[in-house]
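input.tsv (TSV, C-alpha atoms) appears below.
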```tsv
chain	number	residue	atom	x	y	z
A	796	MET	CA	33.18	179.83	217.79
A	797	ARG	CA	31.57	179.43	221.21
A	798	LEU	CA	27.96	178.42	220.61
A	799	GLY	CA	26.73	178.66	224.20
A	800	PRO	CA	25.84	182.37	224.14
A	801	LEU	CA	24.10	181.96	220.77
A	802	VAL	CA	22.11	179.00	222.04
A	803	ASP	CA	21.03	180.91	225.15
A	804	ALA	CA	20.01	183.95	223.09
A	805	ALA	CA	18.16	181.84	220.51
A	806	ARG	CA	16.30	180.08	223.31
A	807	ARG	CA	15.08	183.49	224.48
A	808	GLY	CA	13.74	184.21	220.99
A	809	ASP	CA	16.63	186.24	219.52
A	810	GLN	CA	16.24	185.74	215.76
A	811	ASP	CA	19.68	187.16	214.94
A	812	ALA	CA	21.24	184.62	217.31
A	813	ALA	CA	19.21	181.84	215.70
A	814	ARG	CA	20.46	182.83	212.23
A	815	ALA	CA	24.04	182.99	213.49
A	816	LEU	CA	23.63	179.55	215.05
A	817	VAL	CA	22.45	178.09	211.74
A	818	GLU	CA	25.34	179.72	209.87
A	819	ALA	CA	27.86	178.35	212.37
A	820	THR	CA	26.56	174.77	212.30
A	821	TRP	CA	25.17	174.39	208.76
A	822	PRO	CA	28.30	172.90	207.09
A	823	ASP	CA	28.64	170.06	209.62
A	824	THR	CA	24.90	169.41	209.70
A	825	PHE	CA	24.54	169.25	205.93
A	826	THR	CA	27.65	167.05	205.65
A	827	LEU	CA	26.19	164.60	208.15
A	828	ALA	CA	22.85	164.56	206.33
A	829	TYR	CA	24.61	163.91	203.02
A	830	ARG	CA	26.64	161.04	204.45
A	831	LEU	CA	23.49	159.46	205.86
A	832	THR	CA	21.37	159.86	202.72
A	833	GLY	CA	23.95	159.78	199.91
A	834	ASN	CA	22.05	162.39	197.92
A	835	PRO	CA	22.43	166.19	198.05
A	836	ASP	CA	18.73	166.89	197.50
A	837	ASP	CA	17.72	164.50	200.26
A	838	ALA	CA	20.46	165.94	202.47
A	839	LEU	CA	19.07	169.45	201.98
A	840	ASP	CA	15.57	168.29	202.93
A	841	VAL	CA	16.93	166.52	206.01
A	842	THR	CA	19.01	169.52	207.06
A	843	GLN	CA	16.06	171.88	206.81
A	844	GLU	CA	13.83	169.52	208.76
A	845	ALA	CA	16.54	169.07	211.39
A	846	TYR	CA	16.78	172.81	212.02
A	847	LEU	CA	13.00	173.16	212.22
A	848	ARG	CA	12.86	170.41	214.81
A	849	ALA	CA	15.88	171.70	216.68
A	850	PHE	CA	14.50	175.22	217.06
A	851	ARG	CA	11.08	173.92	218.06
A	852	GLY	CA	12.78	171.81	220.71
A	853	LEU	CA	15.32	174.43	221.78
A	854	PRO	CA	13.37	175.50	224.90
A	855	ARG	CA	13.78	171.90	226.16
A	856	PHE	CA	17.52	171.81	225.47
A	857	ARG	CA	19.19	171.92	228.88
A	858	GLY	CA	22.83	171.62	227.86
A	859	GLU	CA	23.58	168.15	229.27
A	860	ALA	CA	25.30	167.46	225.92
A	861	ARG	CA	26.98	169.91	223.57
A	862	PHE	CA	24.55	171.68	221.25
A	863	THR	CA	26.26	170.21	218.19
A	864	THR	CA	25.98	166.65	219.57
A	865	TRP	CA	22.29	167.22	220.22
A	866	LEU	CA	21.84	168.67	216.73
A	867	TYR	CA	23.59	165.65	215.18
A	868	ARG	CA	21.14	163.36	216.96
A	869	VAL	CA	18.21	165.39	215.64
A	870	THR	CA	19.72	165.24	212.14
A	871	ALA	CA	20.24	161.47	212.33
A	872	ASN	CA	16.63	161.00	213.41
A	873	CYS	CA	15.39	163.19	210.56
A	874	ALA	CA	17.54	161.26	208.08
A	875	SER	CA	16.15	157.96	209.33
A	876	ASN	CA	12.56	159.19	209.00
A	877	HIS	CA	13.25	160.71	205.59
A	878	MET	CA	14.73	157.50	204.20
A	879	ALA	CA	11.85	155.50	205.65
A	880	ARG	CA	9.41	157.74	203.76
A	881	LEU	CA	11.39	157.27	200.55
A	882	ARG	CA	11.46	153.53	201.10
A	883	ARG	CA	7.71	153.44	201.43
A	884	SER	CA	7.14	155.67	198.40
A	885	ARG	CA	9.62	153.91	196.12
A	886	HIS	CA	9.12	150.39	197.49
A	887	ASP	CA	12.89	150.09	197.56
A	888	GLU	CA	14.80	147.91	199.98
A	889	LEU	CA	17.23	150.48	201.40
A	890	ASP	CA	19.98	149.32	203.69
A	891	PHE	CA	21.25	151.33	206.72
A	892	ASP	CA	24.98	150.33	207.04
A	893	ARG	CA	28.36	151.95	207.42
A	894	VAL	CA	32.08	151.55	208.17
A	895	GLY	CA	34.42	152.95	210.84
A	896	LEU	CA	36.82	155.73	209.93
A	897	SER	CA	38.28	157.01	213.17
A	898	GLU	CA	41.73	155.56	212.58
A	899	LEU	CA	41.66	156.30	208.84
A	900	ALA	CA	40.54	159.92	208.43
A	901	ASP	CA	38.80	162.78	210.21
A	902	TRP	CA	36.05	163.96	207.87
A	903	ARG	CA	34.63	166.81	209.91
A	904	PRO	CA	35.01	170.06	207.99
A	905	GLU	CA	36.83	171.83	210.83
A	906	HIS	CA	39.41	169.03	210.85
A	907	ASP	CA	39.94	168.87	207.08
A	908	PRO	CA	43.53	170.16	206.70
A	909	GLU	CA	45.22	171.47	203.60
A	910	ALA	CA	46.20	168.24	201.92
A	911	SER	CA	48.58	167.01	199.29
A	912	ALA	CA	47.30	165.46	196.08
A	913	SER	CA	47.86	161.98	197.48
A	914	ALA	CA	45.88	162.78	200.63
A	915	SER	CA	43.06	164.12	198.49
A	916	ASP	CA	43.10	160.87	196.52
A	917	GLU	CA	42.89	158.88	199.75
A	918	ARG	CA	39.90	160.90	200.91
A	919	ALA	CA	38.24	160.30	197.56
A	920	LEU	CA	38.77	156.56	198.00
A	921	LEU	CA	37.29	156.72	201.49
A	922	THR	CA	34.31	158.70	200.30
A	923	ASP	CA	33.61	156.23	197.52
A	924	ALA	CA	34.02	153.25	199.83
A	925	LEU	CA	31.73	154.89	202.37
A	926	MET	CA	28.95	155.46	199.85
A	927	ARG	CA	29.24	151.88	198.57
A	928	LEU	CA	28.37	150.50	202.00
A	929	PRO	CA	24.79	149.55	202.84
A	930	ARG	CA	23.12	152.51	204.51
A	931	ARG	CA	22.38	150.70	207.77
A	932	LEU	CA	26.13	150.28	208.32
A	933	ARG	CA	27.01	153.72	207.02
A	934	VAL	CA	24.86	155.56	209.53
A	935	VAL	CA	26.47	153.76	212.47
A	936	VAL	CA	30.03	154.42	211.40
A	937	VAL	CA	29.41	158.05	210.45
A	938	LEU	CA	27.73	158.83	213.75
A	939	ARG	CA	30.38	157.02	215.79
A	940	ASP	CA	33.68	157.56	213.99
A	941	VAL	CA	33.09	160.91	212.35
A	942	TYR	CA	30.70	162.67	214.72
A	943	ASP	CA	31.72	160.86	217.93
A	944	LEU	CA	28.24	160.01	219.19
A	945	PRO	CA	28.18	157.33	221.93
A	946	HIS	CA	26.88	153.84	221.14
A	947	ARG	CA	23.86	154.43	223.37
A	948	SER	CA	22.77	157.51	221.39
A	949	ILE	CA	23.38	155.79	218.05
A	950	ALA	CA	21.30	152.80	219.11
A	951	ALA	CA	18.45	155.06	220.18
A	952	GLU	CA	18.45	157.00	216.91
A	953	VAL	CA	18.70	153.93	214.66
A	954	GLY	CA	16.21	151.93	216.71
A	955	ILE	CA	18.41	148.98	217.66
A	956	SER	CA	20.09	147.75	220.83
A	957	GLU	CA	23.46	149.11	221.93
A	958	ALA	CA	24.98	145.65	221.38
A	959	ALA	CA	23.60	145.54	217.84
A	960	ALA	CA	25.03	149.00	217.15
A	961	LYS	CA	28.49	147.78	218.20
A	962	VAL	CA	28.18	144.70	215.98
A	963	ARG	CA	27.18	146.82	212.99
A	964	LEU	CA	30.10	149.13	213.61
A	965	GLN	CA	32.59	146.24	213.67
A	966	ARG	CA	31.06	144.74	210.52
A	967	ALA	CA	31.15	148.08	208.73
A	968	ARG	CA	34.77	148.77	209.63
A	969	LYS	CA	35.77	145.33	208.40
A	970	ARG	CA	34.01	145.83	205.06
A	971	LEU	CA	35.52	149.27	204.63
A	972	ARG	CA	39.05	148.01	205.27
A	973	GLU	CA	38.56	145.11	202.86
A	974	ASP	CA	37.22	147.43	200.16
A	975	LEU	CA	40.06	149.94	200.59
A	976	SER	CA	42.72	147.21	200.70
A	977	HIS	CA	41.41	145.66	197.48
A	978	ARG	CA	41.27	148.98	195.64
A	979	LEU	CA	44.71	150.09	196.82
A	980	ARG	CA	46.23	146.80	195.62
A	981	ARG	CA	44.64	147.36	192.22
A	982	ALA	CA	46.05	150.90	192.06
A	983	GLU	CA	49.67	149.92	192.88
A	984	PRO	CA	50.68	148.57	189.42
A	985	PHE	CA	49.31	151.72	187.75
A	986	GLU	CA	51.21	154.02	190.12
A	987	THR	CA	54.41	151.99	189.70
A	988	GLY	CA	54.07	152.25	185.93
A	989	GLN	CA	53.59	156.00	186.16
A	990	ARG	CA	56.75	156.41	188.27
A	991	GLY	CA	58.73	154.24	185.84
A	992	GLY	CA	57.48	156.29	182.92
A	993	ARG	CA	58.57	159.52	184.57
A	994	ARG	CA	62.06	158.11	185.29
A	995	ASP	CA	62.42	156.99	181.66
A	996	ALA	CA	61.37	160.45	180.46
A	997	VAL	CA	63.95	162.12	182.69
A	998	ALA	CA	66.70	159.71	181.59
A	999	SER	CA	66.00	160.38	177.94
```
Could you render the structure as structure tokens?
Amino acid sequence: MRLGPLVDAARRGDQDAARALVEATWPDTFTLAYRLTGNPDDALDVTQEAYLRAFRGLPRFRGEARFTTWLYRVTANCASNHMARLRRSRHDELDFDRVGLSELADWRPEHDPEASASASDERALLTDALMRLPRRLRVVVVLRDVYDLPHRSIAAEVGISEAAAKVRLQRARKRLREDLSHRLRRAEPFETGQRGGRRDAVAS
């Protein structure tokens, strides 16, 4: 769907266009919020706040970037603020880390093809490995490798230098690969045993 006409109409105050814009972008926005917070309730709060901010700021949106890229930046900023509030209220030490996925899987909903059972298993492994990363790494890799934000924008949203964002991304990708490699090696004997069992059953 082309969002440009909806954005222009919503900017002029067309409420139907605004609702259509939310419906068109909600799945990606909520998915991003969930990957940054790791909790569906927090993700819902972040998504709602992101849309409130986005529509308040819509008159200032000039279209230098795609609307979705701009909305992702707003969502990332809301997620960062939300987690900071939780950190203060819970007195928890929450970590903002993540790992790179561009060469491993495309997680955007519009690029999620019909998959075989094995592909679904691989995505489940990736999801689990992603959520096991410290949050400070996770946010960098999600924004870069899944949502394709430039390093400069990621650095601005996270509050670090562009060089630091690149270092976090490299560190996150390394940890993700190590985690996946370890878990796949552990799974191989089980899968081999299953295949052997099926062959024995057929032979008998």
Point-to-point distance in Å for atom CA of Leu853 of chain A and atom CA of Arg806 of chain A: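 Between atom CA of Arg806 of chain A and atom CA of Leu853 of chain A the gap works out to 5.9 Å.
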So, with only C-alpha atoms as the atoms that count, which of A:Ala919, A:Leu866, A:Ala828, A:Ala849 lies closest to Ala805 of chain A?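 For Ala805 of chain A, the nearest of the given residues is A:Ala849.
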Using all atoms listed in the file, which of A:Ser976, A:Asn872, A:Thr922, A:Thr820 sits nearest Val953 of chain A?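 That would be A:Asn872, the residue with the smallest distance to Val953 of chain A.
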Between A:Glu818, A:Glu957, A:Glu952, A:Glu973, which has the minimum distance to Leu921 of chain A (counting only C-alpha atoms)?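 For Leu921 of chain A, the nearest of the candidates is A:Glu973.
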One-decimal distance in Å that lies between atom CA of Leu964 of chain A and atom CA of Arg939 of chain A: 8.2 Å
Taking 3 positions as the minimum chain separation for residues in the same chain, which residues sit within 8 Å of Cys873 of chain A when counting only C-alpha atoms? Answer as a list in words.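 Listed by chain and then number, they are Val841, Glu844, Ala845, Val869, Thr870, Asn876 and His877 of chain A.
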Which of these, A:Thr842, A:Thr863, A:Thr832, A:Thr826, has the shortest distance to Leu881 of chain A once you count only C-alpha atoms?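 Selected residue with least distance to Leu881 of chain A: A:Thr832.
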Best match for closeness to Gly799 of chain A among A:Phe862, A:Arg966, A:Val817, A:Tyr846, counting only C-alpha atoms: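 So, comparing all the options, the nearest one is A:Phe862.
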When you draw a straight line from atom CA of Ala924 of chain A to atom CA of Phe825 of chain A, how long is it in Å? 19.6 Å
Nearest-residue call for Val935 of chain A, choices A:Ala960, A:Leu920, A:Leu975, A:Leu839, using only C-alpha atoms: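 Using only C-alpha atoms, the shortest distance to Val935 of chain A belongs to A:Ala960.
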